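S.K.: Sharing a structure with you now.
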2 protein chains.
Amino acid sequence: MKDNLLCPHCGKPVFRYRNPFPTVDIIIEIECCASNGIVLIKRKNPPHGWALPGGFVDYGETLESAAIREAREETCLDVTLTCQLGAYSDPSRDPRHHSISVVFVAKAIAHAQNRWPKAADDAEEVGIFKAHALPKPLAFDHEKILRDYFKKCGKKG
Amino acid sequence: MKDNLLCPHCGKPVFRYRNPFPTVDIIIEIECCASNGIVLIKRKNPPHGWALPGGFVDYGETLESAAIREAREETCLDVTLTCQLGAYSDPSRDPRHHSISVVFVAKAIAHAQNRWPKAADDAEEVGIFKAHALPKPLAFDHEKILRDYFKKCGKKG
């Protein structure tokens, strides 16, 4: 598909192919004190709601590096990646544009300096949730992603 | 990362963020007569060598649709997708640019009209190969992808 980009200098159209945007999302498993669950952020910007930490993959960056970077930027947690859950690409999954998300499962590093999540960057709030008590609304297709995760990884609330 | 795109009308730079290109590759399992194996194509364009069928994901297209479309365009086979093998994103996996490939495993549909692969589009030649007799050279990171596939799916030559 051709892009409808306009030159900011002369205002004429600059044609180029348009591709979906590659992104990552991270399901961060955390164990701390008597509590364990997964880390979700409350989004500062639209679309509002709770969501998995995640974001765009930079040119020249691997998916794995992007996942570790985004987890740190939005939750202040250092994580180790466990596996890929899968890639999600429904064009309507993000109301702003067509993005493709590769979803990783990760563990927060227990001995890291930052052991407890803190909201930062695009996150207004951060929380730890169990399968049976997920917050609402969940943005994007993250409800489906989490359903797939709890089913595949056999996690109980 | 900013793109270094130039306006074709006034020649001035048009800044925009540059993202890796999302692509798909397909490991097509085929059974026919006494032979079974996976379908590889010999590339018409650089980088030359044998490769999995695959290509760019269009804006507005799911990964699954892109995989079925690319399999048909390059091998004339109708396929059903079995699972995702994983996503590969090493920036050096394609010498032309940074692409991210989501790799699918698929079966050629035995009752389809086109039961036998035929080279088309970017493919100069097509062949059916077993694990112990893969052709050389394999382009991109397809040797690694196929190693992962044979290991994960337990396929023997």
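Chain labels follow the order of the structure tokens: the first chain is A, the next B, and so on; residue numbering restarts at 1 in every chain, and ligands are counted from 1 in their shown order.
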Using only C-alpha atoms, find each residue of chain A with at least one atom at most 7 Å away from an atom of chain B; report its shortest atom-to-atom pair and that distance in Å (one decimal), sort the rows by chain and rising residue number, and return the result as a tab-separated table.

M.R.:
```
residue	atom	partner	partner_atom	distance
A:Met1	CA	B:Tyr59	CA	6.1
A:Cys7	CA	B:Val14	CA	6.1
A:Pro8	CA	B:Val14	CA	6.9
A:Cys10	CA	B:Cys10	CA	6.6
A:Val14	CA	B:Cys7	CA	6.1
A:Arg18	CA	B:Tyr59	CA	6.1
A:Asn19	CA	B:Tyr59	CA	4.8
A:Pro20	CA	B:Tyr59	CA	4.9
A:Phe21	CA	B:Asn19	CA	6.7
A:Pro22	CA	B:Pro22	CA	6.4
A:Val57	CA	B:Asn19	CA	6.9
A:Asp58	CA	B:Asn19	CA	5.8
A:Tyr59	CA	B:Asn19	CA	4.9
A:Gly60	CA	B:Pro91	CA	5.2
A:Glu61	CA	B:Pro91	CA	6.6
A:Thr62	CA	B:Ser89	CA	5.2
A:Leu63	CA	B:Ser89	CA	6.0
A:Gly86	CA	B:Gly86	CA	6.9
A:Ser89	CA	B:Thr62	CA	5.1
A:Asp90	CA	B:Thr62	CA	5.5
A:Pro91	CA	B:Gly60	CA	5.2
A:His98	CA	B:Gly60	CA	6.2
```

S.K.: Write down as a CSV table (one decimal) with N, CA, C and O atoms, in the first residue's frame the residues belonging to chain A that are assigned strand (DSSP E or B) by DSSP computed on the backbone.

M.R.:
```csv
chain,number,residue,atom,x,y,z
A,2,LYS,N,0.5,2.2,-0.8
A,2,LYS,CA,1.3,3.5,-0.9
A,2,LYS,C,0.9,4.4,0.3
A,2,LYS,O,-0.2,4.4,0.7
A,5,LEU,N,2.1,10.4,2.4
A,5,LEU,CA,3.0,11.4,3.0
A,5,LEU,C,3.2,12.6,2.2
A,5,LEU,O,3.3,12.5,0.9
A,6,LEU,N,3.1,13.8,2.8
A,6,LEU,CA,3.3,15.1,2.0
A,6,LEU,C,4.7,15.7,2.4
A,6,LEU,O,5.1,15.7,3.6
A,13,PRO,N,3.0,15.2,-2.8
A,13,PRO,CA,3.0,13.9,-2.2
A,13,PRO,C,4.4,13.1,-2.5
A,13,PRO,O,5.0,13.2,-3.5
A,14,VAL,N,4.8,12.4,-1.4
A,14,VAL,CA,6.0,11.6,-1.5
A,14,VAL,C,5.6,10.2,-1.4
A,14,VAL,O,5.3,9.7,-0.3
A,17,TYR,N,6.1,2.9,-0.1
A,17,TYR,CA,5.3,1.8,0.4
A,17,TYR,C,5.1,1.9,1.9
A,17,TYR,O,6.0,2.4,2.7
A,21,PHE,N,3.5,-1.4,11.4
A,21,PHE,CA,4.6,-1.1,12.4
A,21,PHE,C,4.9,-2.3,13.3
A,21,PHE,O,4.0,-2.8,14.0
A,22,PRO,N,6.2,-2.7,13.3
A,22,PRO,CA,6.5,-3.8,14.2
A,22,PRO,C,6.6,-3.3,15.7
A,22,PRO,O,7.3,-2.3,15.9
A,23,THR,N,6.0,-4.0,16.6
A,23,THR,CA,6.0,-3.6,18.0
A,23,THR,C,6.3,-4.9,18.9
A,23,THR,O,6.3,-6.0,18.3
A,24,VAL,N,6.5,-4.7,20.1
A,24,VAL,CA,6.6,-5.8,21.1
A,24,VAL,C,5.7,-5.5,22.3
A,24,VAL,O,5.5,-4.4,22.6
A,25,ASP,N,5.2,-6.6,22.9
A,25,ASP,CA,4.6,-6.5,24.2
A,25,ASP,C,5.2,-7.5,25.1
A,25,ASP,O,5.6,-8.6,24.6
A,26,ILE,N,5.2,-7.2,26.4
A,26,ILE,CA,5.8,-8.1,27.3
A,26,ILE,C,4.9,-8.5,28.5
A,26,ILE,O,4.4,-7.6,29.1
A,27,ILE,N,4.8,-9.8,28.7
A,27,ILE,CA,4.0,-10.3,29.8
A,27,ILE,C,5.1,-10.6,30.9
A,27,ILE,O,5.8,-11.6,30.8
A,28,ILE,N,5.1,-9.7,31.9
A,28,ILE,CA,6.2,-9.8,32.9
A,28,ILE,C,5.6,-10.5,34.1
A,28,ILE,O,4.7,-10.0,34.8
A,29,GLU,N,6.2,-11.7,34.4
A,29,GLU,CA,5.8,-12.4,35.6
A,29,GLU,C,6.6,-11.9,36.8
A,29,GLU,O,7.9,-11.8,36.6
A,30,ILE,N,6.0,-11.7,37.9
A,30,ILE,CA,6.7,-11.1,39.0
A,30,ILE,C,6.3,-11.9,40.3
A,30,ILE,O,5.2,-12.2,40.5
A,31,GLU,N,7.3,-12.1,41.1
A,31,GLU,CA,7.1,-12.8,42.4
A,31,GLU,C,7.7,-11.9,43.4
A,31,GLU,O,8.9,-11.6,43.3
A,32,CYS,N,7.0,-11.4,44.4
A,32,CYS,CA,7.6,-10.6,45.4
A,32,CYS,C,6.7,-10.7,46.7
A,32,CYS,O,5.5,-10.6,46.6
A,35,SER,N,3.0,-11.9,47.1
A,35,SER,CA,2.2,-11.7,45.9
A,35,SER,C,2.9,-12.1,44.6
A,35,SER,O,4.1,-12.0,44.5
A,36,ASN,N,2.2,-12.7,43.7
A,36,ASN,CA,2.8,-12.9,42.4
A,36,ASN,C,1.7,-12.7,41.3
A,36,ASN,O,0.5,-12.8,41.6
A,37,GLY,N,2.1,-12.3,40.2
A,37,GLY,CA,1.1,-12.1,39.1
A,37,GLY,C,1.9,-11.5,37.9
A,37,GLY,O,3.1,-11.7,37.8
A,38,ILE,N,1.1,-10.8,37.1
A,38,ILE,CA,1.8,-10.2,35.9
A,38,ILE,C,1.6,-8.7,36.0
A,38,ILE,O,0.6,-8.2,36.6
A,39,VAL,N,2.5,-8.0,35.4
A,39,VAL,CA,2.6,-6.5,35.5
A,39,VAL,C,1.9,-5.9,34.3
A,39,VAL,O,2.1,-6.2,33.2
A,40,LEU,N,0.9,-5.0,34.7
A,40,LEU,CA,0.2,-4.2,33.6
A,40,LEU,C,0.4,-2.7,33.9
A,40,LEU,O,0.6,-2.4,35.1
A,41,ILE,N,0.3,-2.0,32.9
A,41,ILE,CA,0.4,-0.5,33.1
A,41,ILE,C,-0.9,0.1,32.7
A,41,ILE,O,-1.7,-0.4,31.9
A,42,LYS,N,-1.2,1.3,33.3
A,42,LYS,CA,-2.4,2.1,32.9
A,42,LYS,C,-1.9,3.1,32.0
A,42,LYS,O,-0.9,3.9,32.4
A,43,ARG,N,-2.4,3.2,30.8
A,43,ARG,CA,-1.8,4.1,29.8
A,43,ARG,C,-2.1,5.5,30.0
A,43,ARG,O,-3.2,5.9,30.3
A,50,TRP,N,-5.9,-0.3,30.7
A,50,TRP,CA,-4.7,-1.1,31.1
A,50,TRP,C,-4.1,-1.8,29.9
A,50,TRP,O,-4.9,-2.2,29.0
A,51,ALA,N,-2.8,-2.1,30.0
A,51,ALA,CA,-2.2,-2.8,28.9
A,51,ALA,C,-0.9,-3.4,29.3
A,51,ALA,O,-0.4,-3.1,30.4
A,54,GLY,N,4.9,-2.2,26.5
A,54,GLY,CA,5.4,-2.5,25.1
A,54,GLY,C,5.5,-1.3,24.3
A,54,GLY,O,5.3,-0.2,24.8
A,55,GLY,N,6.0,-1.5,23.0
A,55,GLY,CA,6.1,-0.3,22.2
A,55,GLY,C,6.8,-0.7,20.9
A,55,GLY,O,7.0,-1.8,20.5
A,56,PHE,N,7.2,0.3,20.1
A,56,PHE,CA,7.8,0.2,18.8
A,56,PHE,C,9.2,-0.4,18.8
A,56,PHE,O,10.0,-0.2,19.7
A,79,VAL,N,14.2,-7.3,33.1
A,79,VAL,CA,13.6,-8.6,32.9
A,79,VAL,C,14.5,-9.5,32.1
A,79,VAL,O,15.4,-9.1,31.4
A,80,THR,N,14.3,-10.8,32.3
A,80,THR,CA,14.9,-11.8,31.4
A,80,THR,C,13.7,-12.5,30.6
A,80,THR,O,12.7,-12.8,31.2
A,81,LEU,N,13.9,-12.6,29.3
A,81,LEU,CA,12.9,-13.2,28.4
A,81,LEU,C,12.9,-14.7,28.5
A,81,LEU,O,13.9,-15.3,28.5
A,82,THR,N,11.7,-15.2,28.6
A,82,THR,CA,11.5,-16.7,28.8
A,82,THR,C,11.2,-17.3,27.4
A,82,THR,O,11.8,-18.3,27.0
A,83,CYS,N,10.3,-16.8,26.7
A,83,CYS,CA,9.9,-17.3,25.4
A,83,CYS,C,9.0,-16.3,24.6
A,83,CYS,O,8.6,-15.3,25.2
A,84,GLN,N,8.8,-16.6,23.3
A,84,GLN,CA,7.9,-15.8,22.6
A,84,GLN,C,6.5,-16.5,22.7
A,84,GLN,O,6.4,-17.7,22.6
A,85,LEU,N,5.5,-15.7,23.0
A,85,LEU,CA,4.1,-16.3,23.0
A,85,LEU,C,3.6,-16.4,21.6
A,85,LEU,O,2.9,-17.3,21.3
A,86,GLY,N,3.8,-15.4,20.8
A,86,GLY,CA,3.3,-15.4,19.4
A,86,GLY,C,3.3,-14.0,18.9
A,86,GLY,O,3.5,-13.0,19.6
A,87,ALA,N,2.9,-13.9,17.6
A,87,ALA,CA,2.8,-12.6,16.9
A,87,ALA,C,1.3,-12.3,16.6
A,87,ALA,O,0.6,-13.2,16.1
A,88,TYR,N,0.9,-11.1,16.9
A,88,TYR,CA,-0.5,-10.7,16.7
A,88,TYR,C,-0.6,-9.6,15.7
A,88,TYR,O,0.1,-8.6,15.8
A,99,SER,N,-0.5,-2.2,13.5
A,99,SER,CA,0.8,-2.6,14.2
A,99,SER,C,0.8,-4.1,14.3
A,99,SER,O,-0.3,-4.8,14.5
A,100,ILE,N,2.0,-4.7,14.3
A,100,ILE,CA,2.1,-6.2,14.5
A,100,ILE,C,2.9,-6.3,15.8
A,100,ILE,O,4.0,-5.7,15.9
A,101,SER,N,2.4,-7.1,16.7
A,101,SER,CA,3.1,-7.2,18.0
A,101,SER,C,3.6,-8.6,18.2
A,101,SER,O,2.9,-9.6,18.1
A,102,VAL,N,4.9,-8.7,18.5
A,102,VAL,CA,5.5,-10.0,18.9
A,102,VAL,C,5.5,-9.9,20.4
A,102,VAL,O,6.1,-9.0,21.0
A,103,VAL,N,4.8,-10.9,21.0
A,103,VAL,CA,4.6,-10.9,22.5
A,103,VAL,C,5.6,-11.9,23.1
A,103,VAL,O,5.7,-13.0,22.8
A,104,PHE,N,6.3,-11.3,24.1
A,104,PHE,CA,7.3,-12.1,24.9
A,104,PHE,C,6.7,-12.4,26.3
A,104,PHE,O,6.0,-11.6,26.9
A,105,VAL,N,7.1,-13.6,26.9
A,105,VAL,CA,6.9,-13.8,28.3
A,105,VAL,C,8.3,-13.6,29.0
A,105,VAL,O,9.3,-14.0,28.4
A,106,ALA,N,8.2,-12.9,30.1
A,106,ALA,CA,9.5,-12.5,30.8
A,106,ALA,C,9.3,-12.7,32.3
A,106,ALA,O,8.2,-12.7,32.8
A,107,LYS,N,10.5,-12.7,33.0
A,107,LYS,CA,10.5,-12.7,34.4
A,107,LYS,C,11.2,-11.5,34.9
A,107,LYS,O,12.3,-11.1,34.3
A,108,ALA,N,10.6,-10.8,35.9
A,108,ALA,CA,11.3,-9.7,36.5
A,108,ALA,C,12.5,-10.3,37.2
A,108,ALA,O,12.4,-11.3,37.9
A,123,ALA,N,3.5,5.1,30.9
A,123,ALA,CA,2.6,4.5,31.9
A,123,ALA,C,2.3,5.5,33.0
A,123,ALA,O,3.1,6.2,33.5
A,124,GLU,N,1.0,5.6,33.3
A,124,GLU,CA,0.5,6.5,34.4
A,124,GLU,C,0.5,5.8,35.7
A,124,GLU,O,0.7,6.4,36.8
A,125,GLU,N,0.3,4.5,35.7
A,125,GLU,CA,0.2,3.7,36.9
A,125,GLU,C,0.7,2.3,36.5
A,125,GLU,O,0.6,1.9,35.3
A,126,VAL,N,1.0,1.5,37.5
A,126,VAL,CA,1.5,0.2,37.2
A,126,VAL,C,0.9,-0.7,38.3
A,126,VAL,O,0.7,-0.3,39.5
A,127,GLY,N,0.5,-2.0,38.0
A,127,GLY,CA,-0.1,-2.9,39.0
A,127,GLY,C,0.3,-4.3,38.7
A,127,GLY,O,0.8,-4.6,37.6
A,128,ILE,N,0.1,-5.1,39.7
A,128,ILE,CA,0.4,-6.6,39.6
A,128,ILE,C,-1.0,-7.3,39.7
A,128,ILE,O,-1.7,-7.1,40.6
A,129,PHE,N,-1.3,-8.1,38.7
A,129,PHE,CA,-2.6,-8.7,38.6
A,129,PHE,C,-2.5,-10.2,38.4
A,129,PHE,O,-1.6,-10.7,37.8
A,138,LEU,N,-9.1,-3.4,29.2
A,138,LEU,CA,-7.8,-3.7,28.6
A,138,LEU,C,-7.7,-3.1,27.2
A,138,LEU,O,-8.6,-3.4,26.4
```

S.K.: Would you work out the distance separating CA of Ile68 in chain B from CA of Ala139 in chain A, expressed in Å to one decimal?

M.R.: 28.7 Å

S.K.: Report, in Å to a single decimal, how far apart CA of Glu74 in chain A and CA of Asp141 in chain A are.

M.R.: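 Atom-to-atom, CA of Asp141 in chain A and CA of Glu74 in chain A are spaced 18.7 Å apart.
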
S.K.: Take CA of Lys130 in chain B and CA of Pro53 in chain B and report the distance between them in Å, one decimal.

M.R.: 15.8 Å

S.K.: If we count only C-alpha atoms, what is near Pro46 in chain B at a cut-off of 10 Å, once residues fewer than 5 positions away on the same chain are taken out, given as a count of residues only?

M.R.: 4
